[in-house]
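Below is one structure; the comments refer to it alone.
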Amino acid sequence: MSGNDVLLEVEDLKKHFKVNQGWIASLMESFGGGGPDYVHAVDGVSFELRQGETLGLAGESGCGKTTTGMSMVKLHEPTAGDIVYDDTRLSEASDAEIKRFRQNAQMIFQDPFESLNPRMTVYDTVAEPLRIHDIRNETARVQRALEFAELLPPEQYFNQYPHELSGGQRQRVAIARALVLDPDFIVADEPVSMLDVSLRAGVLSLLDRMTEEFGLSVVYISHDLSLLRHMCDRLAIMYMGKIVEKGPTDQVIENPQHPYTQALINAVPVPDPSVGRERVELQGEVGDIVDVPTGCRFKDRCPDYIGDVCDQVVPPLEAKTAFEQEVACHLYESAEGYDPYEELEGRPSAAAGDGAESTPADD
Amino acid sequence: MSQLEVEDLEVYYETEDGPAQAVDGVSFELEQGENLGIVGESGCGKTTLAKAIIGILPDAGYINNGSINFKGDDLTEMPEPQRRRLKWEEISMIAQSAMNSLDPVYTIREQIVEAIETHRPGTGRVESEEIVTEMFELVGLDPERADDYPHQFSGGMRQRAMIAMALALEPSLMLADEPTTALDVIMQDQILKRIGSIQEEINSSMLVITHDVSVVAETCDRVIVMYAGKVAEEGPVEEIFDQPYHPYTIGLKRAFPNIRQSNQDLLSISGYPPELIDPPQGCRFAERCPMATDRCREEEPEAHYENGLRSYCHYADEIDTELRPYADDPGTWNQTTAAPDGGVEE
């Protein structure tokens with residue numbers, strides 16, 4: 001189904017948000033020196049999106065999946081790193097190129113109650129992107145988009161306002177709006193989590209049809225691994241702003257390798273009372289993404305912690321010798337000959353390399 | 001005698017257009033120590049049912065008919081002071097939204113200690129404090145944070161504080177309304193496991209209200225599937241999942257993805273639940289059911305008892321003998337989803 005042509009590349013993307021301090025704190029800071037604190041929402045994430053594939057971004061709240069998705073459609077400016085689309089680096093792109101990118105990169109949000117303008121009719125909602133991008137043939141395009149979204153007959157919806165629609169219909173309008181520009185890819189952030197279970201499959205099948213009929217790529221962001229398994233060709237699991245595991249969906253779900261992925265997948269309840277599930281208790285909670293720990297971010301909770309190397313060397317996401325998916329963990333032997341222990345030997349600067357800007361000399 | 005016996009309960013909400021029949025003739029029993037799941041879509045009446053049981057219906061809501069017997073006493077007729085005492089002490093509720101259930105001007109510790117001291121007079125301060133520490137540890141919160149105010153907690157932490165509070169008095173019945181929906185999956189798993197072990201320890205029962213079929217599959221002994229204010233089907237969890245008779249149960253089950261299966265064909269139930277102000281006669285699910293006949297639209301189905309299940313479908317027999325594969329096929333359901341004129345996209 002999915003070809004291997006790369007549509008878009010995310011390169012070492014970082015997005016840090018300044019922590020909102022009170023004015024006293026900022027005043028003290030301006031006198032006493034020391035920089036402000038940053039939330040490291042996304043902290044060095046690289047992956048590619050292939051043509052016609054559905055790529056899942058999974059993880060718990062705060063892992064950076066939504067920030068990654070929003071950065072992919074340029075709703076956030078990256079703090080560092082870049083996105084390469086159609087051989088163009090977005091950081092160096094001209095205005096015309098950016099405009100073309102925006103036309104090709106669309107997003108569907110979680111809450112169709114908030115993402116649609118309550119004062120705009122369905123027709124105007126779907127037509128607005130066409131007007132912004134100066135595209136003709138408005139009515140026919142709006143009609144076709146609504147038809148695709150199975151809002152039938154489309155004319156019947158033209159003059160309706162969001163409050164007259166059900167949640168499922170609203171999300172279909174959001175999908176029609178995203179599709180009307182004929183984009184190359186769509187980032188869908190929890191597109192069905194607000195919908196009743198009985199209606200979800202209908203909306204999901206639209207996303208499926210996008211990839212199958214139009215060869216669109218979809219980035220599907222969700223915490224729901226059961227859904228992601230159903231929807232995605234490939235899966236990237238995020239933890240504290242980094243990807244810890246990435247690979248073909250069935251591989252990641254059935255044979256997870258990173259200790260975090262293992263815990264995550266084990267924790268998913270199964271809708272079948274005859275299936276006994278092995279439960280793994282994970283220590284503690286997700287760590288601090290303001291004062292990011294050195295080494296592996298999962299080390300404090302990791303049941304397989306192996307000592308100094310986990311403490312001090314950030315495990316890169318890389319191919320391993322023993323399985324198909326890429327994993328960021330020192331437990332496995334690198335397929336590319338990388339040896340984390342070499343970095344460990346050069347002790348003095350062991351903590352450097354990653355997150356250097358996050359550890360100013362203030363402690 | 002069961003611990004909880006709900007009989008022919010009707011809970012209505014007053015609206016401008018007349019009463020909305022949110023819960024319409026629901027009966028069930030719950031044994032001591034048993035976990036009963038109530039599943040259904042939003043608006044099916046499952047939360048209203050819990051609120052009626054614990055006695056926190058909003059002003060517009062009222063019990064129109066029926067009884068709620070808890071350990072032999074009818075809660076619908078119990079004087080308010082007595083009923084209030086039962087709350088927390090015997091029956092506690094873990095609500096969906098923890099923010100609304102915690103008082104913003106008191107620390108979490110103060111709130112739990114107050115609940116303990118009100119309902120267990122004679123409990124010393126030291127002992128209450130010990131309970132707080134114990135409960136916090138149980139739900140995976142740092143006991144040192146008990147002196148925080150609710151706003152200092154994250155959403156997940158508040159939900160856990162709420163659960164700690166609900167467990168502190170060792171109630172004999174817990175009403176859990178989407179108890180873990182706001183939590184991340186790892187935390188959900190740990191909390192459910194801990195609630196389970198406390199339950200075993202104090203032999204309490206639990207009513208688990210959720211849309212999440214998989215949570216019910218893992219935590220409950222029995223399940224009630226509700227649709228539009230009525231019980232559609234009820235029975236032991238294994239039978240409900242294995243051999244349901246009601247098309248709605250079959251549909252709901254097949255609409256839910258399973259992480260253990262690849263290439264699942266998910267099913268979508270087209271349409272929406274009916275208005276509850278003037279509900280249709282006949283079976284409430286008829287409008288969305290791919291197997292519905294004129295009989296379904298006219299005649300309300302009686303209970304069909306078989307294999308431990310109570311199923312409200314005229315065709316439960318046929319489902320069992322020949323229609324099940326048909327009902328289990330997403331194609332059957334998705335036909336109705338497609339455009340009436342088949343005009344999609346080329």
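Order determines the names: the first chain of the structure tokens is A, the second B, and so forth; residues in each chain are numbered 1 upward, and ligands are numbered 1 upward as they are shown.
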
With segment 203-208 of chain A as the partner and 8 Å as the cut-off, tabulate the residues of segment 148-181 of chain A that qualify, each row holding the nearest pair of atoms and their distance in Å to one decimal, using only C-alpha atoms, sorted by chain and rising number, as JSON lines.
```
{"residue": "A:Phe148", "atom": "CA", "partner": "A:Leu206", "partner_atom": "CA", "distance": 7.8}
{"residue": "A:Ala149", "atom": "CA", "partner": "A:Leu206", "partner_atom": "CA", "distance": 6.7}
{"residue": "A:Gly168", "atom": "CA", "partner": "A:Val203", "partner_atom": "CA", "distance": 7.4}
{"residue": "A:Gln171", "atom": "CA", "partner": "A:Val203", "partner_atom": "CA", "distance": 7.7}
{"residue": "A:Arg172", "atom": "CA", "partner": "A:Val203", "partner_atom": "CA", "distance": 7.0}
```

Q: Do me a favour and pick out the residues of chain A within 7 Å of chain B, using only C-alpha atoms, as a ChimeraX atom specification.
A: /A:60-61,147-148,150,152,196-202,225-227,229-230,264,267-273,281

Residue selection dump (N, CA and C atoms) as a PDB file, in the first residue's frame:
```
ATOM      1  N   GLU A  60       2.294   9.032  25.958  1.00  0.00           N
ATOM      2  CA  GLU A  60       1.400   9.546  26.981  1.00  0.00           C
ATOM      3  C   GLU A  60       1.336  11.065  26.929  1.00  0.00           C
ATOM      4  N   SER A  61       0.421  11.649  27.703  1.00  0.00           N
ATOM      5  CA  SER A  61       0.302  13.110  27.693  1.00  0.00           C
ATOM      6  C   SER A  61       1.647  13.731  28.032  1.00  0.00           C
ATOM      7  N   GLU A 147     -18.674  15.590  -0.060  1.00  0.00           N
ATOM      8  CA  GLU A 147     -19.069  14.258  -0.520  1.00  0.00           C
ATOM      9  C   GLU A 147     -18.083  13.213  -0.030  1.00  0.00           C
ATOM     10  N   PHE A 148     -16.818  13.557  -0.154  1.00  0.00           N
ATOM     11  CA  PHE A 148     -15.810  12.602   0.328  1.00  0.00           C
ATOM     12  C   PHE A 148     -16.021  12.321   1.811  1.00  0.00           C
ATOM     13  N   GLU A 150     -18.576  12.146   3.313  1.00  0.00           N
ATOM     14  CA  GLU A 150     -19.863  11.473   3.474  1.00  0.00           C
ATOM     15  C   GLU A 150     -20.891  12.341   4.181  1.00  0.00           C
ATOM     16  N   LEU A 152     -23.855  13.898   3.069  1.00  0.00           N
ATOM     17  CA  LEU A 152     -24.642  13.788   1.840  1.00  0.00           C
ATOM     18  C   LEU A 152     -26.125  14.071   2.061  1.00  0.00           C
ATOM     19  N   ASP A 196     -18.217   9.205  20.023  1.00  0.00           N
ATOM     20  CA  ASP A 196     -18.673   7.947  20.592  1.00  0.00           C
ATOM     21  C   ASP A 196     -18.098   6.777  19.817  1.00  0.00           C
ATOM     22  N   VAL A 197     -17.876   5.700  20.556  1.00  0.00           N
ATOM     23  CA  VAL A 197     -17.243   4.520  19.970  1.00  0.00           C
ATOM     24  C   VAL A 197     -17.949   4.065  18.693  1.00  0.00           C
ATOM     25  N   SER A 198     -19.274   4.102  18.704  1.00  0.00           N
ATOM     26  CA  SER A 198     -20.014   3.555  17.565  1.00  0.00           C
ATOM     27  C   SER A 198     -19.789   4.380  16.300  1.00  0.00           C
ATOM     28  N   LEU A 199     -19.354   5.632  16.455  1.00  0.00           N
ATOM     29  CA  LEU A 199     -19.178   6.496  15.285  1.00  0.00           C
ATOM     30  C   LEU A 199     -17.729   6.568  14.819  1.00  0.00           C
ATOM     31  N   ARG A 200     -16.810   6.107  15.665  1.00  0.00           N
ATOM     32  CA  ARG A 200     -15.394   6.285  15.355  1.00  0.00           C
ATOM     33  C   ARG A 200     -15.004   5.634  14.039  1.00  0.00           C
ATOM     34  N   ALA A 201     -15.443   4.393  13.856  1.00  0.00           N
ATOM     35  CA  ALA A 201     -15.003   3.649  12.684  1.00  0.00           C
ATOM     36  C   ALA A 201     -15.351   4.391  11.398  1.00  0.00           C
ATOM     37  N   GLY A 202     -16.486   5.092  11.402  1.00  0.00           N
ATOM     38  CA  GLY A 202     -16.884   5.835  10.213  1.00  0.00           C
ATOM     39  C   GLY A 202     -15.878   6.909   9.855  1.00  0.00           C
ATOM     40  N   LEU A 225      -3.233   3.096  21.657  1.00  0.00           N
ATOM     41  CA  LEU A 225      -2.425   2.178  20.849  1.00  0.00           C
ATOM     42  C   LEU A 225      -3.268   1.150  20.097  1.00  0.00           C
ATOM     43  N   SER A 226      -4.423   0.814  20.634  1.00  0.00           N
ATOM     44  CA  SER A 226      -5.284  -0.137  19.925  1.00  0.00           C
ATOM     45  C   SER A 226      -5.737   0.466  18.602  1.00  0.00           C
ATOM     46  N   LEU A 227      -6.092   1.746  18.678  1.00  0.00           N
ATOM     47  CA  LEU A 227      -6.507   2.452  17.467  1.00  0.00           C
ATOM     48  C   LEU A 227      -5.355   2.596  16.489  1.00  0.00           C
ATOM     49  N   ARG A 229      -2.794   0.741  16.182  1.00  0.00           N
ATOM     50  CA  ARG A 229      -2.506  -0.538  15.547  1.00  0.00           C
ATOM     51  C   ARG A 229      -3.438  -0.757  14.356  1.00  0.00           C
ATOM     52  N   HIS A 230      -4.659  -0.373  14.540  1.00  0.00           N
ATOM     53  CA  HIS A 230      -5.646  -0.540  13.484  1.00  0.00           C
ATOM     54  C   HIS A 230      -5.361   0.382  12.286  1.00  0.00           C
ATOM     55  N   LEU A 264       4.291   0.271  28.112  1.00  0.00           N
ATOM     56  CA  LEU A 264       3.141   0.968  27.535  1.00  0.00           C
ATOM     57  C   LEU A 264       2.180  -0.022  26.892  1.00  0.00           C
ATOM     58  N   ALA A 267       0.287  -2.243  29.209  1.00  0.00           N
ATOM     59  CA  ALA A 267      -0.725  -1.597  30.044  1.00  0.00           C
ATOM     60  C   ALA A 267      -2.051  -1.416  29.311  1.00  0.00           C
ATOM     61  N   VAL A 268      -2.063  -1.671  28.022  1.00  0.00           N
ATOM     62  CA  VAL A 268      -3.295  -1.443  27.257  1.00  0.00           C
ATOM     63  C   VAL A 268      -4.305  -2.559  27.543  1.00  0.00           C
ATOM     64  N   PRO A 269      -5.489  -2.184  28.016  1.00  0.00           N
ATOM     65  CA  PRO A 269      -6.485  -3.218  28.301  1.00  0.00           C
ATOM     66  C   PRO A 269      -7.005  -3.857  27.015  1.00  0.00           C
ATOM     67  N   VAL A 270      -7.402  -5.103  27.129  1.00  0.00           N
ATOM     68  CA  VAL A 270      -7.827  -5.866  25.956  1.00  0.00           C
ATOM     69  C   VAL A 270      -9.331  -6.132  26.042  1.00  0.00           C
ATOM     70  N   PRO A 271     -10.071  -5.811  24.987  1.00  0.00           N
ATOM     71  CA  PRO A 271     -11.529  -5.992  25.050  1.00  0.00           C
ATOM     72  C   PRO A 271     -11.933  -7.452  24.863  1.00  0.00           C
ATOM     73  N   ASP A 272     -11.354  -8.313  25.639  1.00  0.00           N
ATOM     74  CA  ASP A 272     -11.679  -9.726  25.544  1.00  0.00           C
ATOM     75  C   ASP A 272     -11.389 -10.363  26.896  1.00  0.00           C
ATOM     76  N   PRO A 273     -12.461 -10.698  27.638  1.00  0.00           N
ATOM     77  CA  PRO A 273     -12.260 -11.190  29.011  1.00  0.00           C
ATOM     78  C   PRO A 273     -11.487 -12.499  29.077  1.00  0.00           C
ATOM     79  N   GLU A 281       4.481  -3.463  36.542  1.00  0.00           N
ATOM     80  CA  GLU A 281       4.430  -2.215  37.302  1.00  0.00           C
ATOM     81  C   GLU A 281       5.631  -1.369  36.934  1.00  0.00           C
TER      82      GLU A 281
END
```

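Put simply, atom CA of Ala319 of chain A is 9.9 Å away from atom CA of Glu245 of chain A.
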
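Ranking B:Lys71, B:Val132, B:Glu7, B:Asp177 by their shortest atom-to-atom distance to Lys51 of chain B, with only C-alpha atoms included, puts B:Asp177 first.
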
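Across the model, the gap from atom CA of Ala140 of chain A to atom CA of Val126 of chain A is 11.4 Å.
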
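Candidate residues B:Ile112, B:Cys44, B:Ala20, B:Leu169 were compared for distance to Arg85 of chain B, and the nearest is B:Leu169, using only C-alpha atoms.
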
Q) Which residue, A:Ser94, A:Ser46, A:Gln169, A:Ser30, has the smallest gap to Met72 of chain A when you use only C-alpha atoms? A) A:Ser46
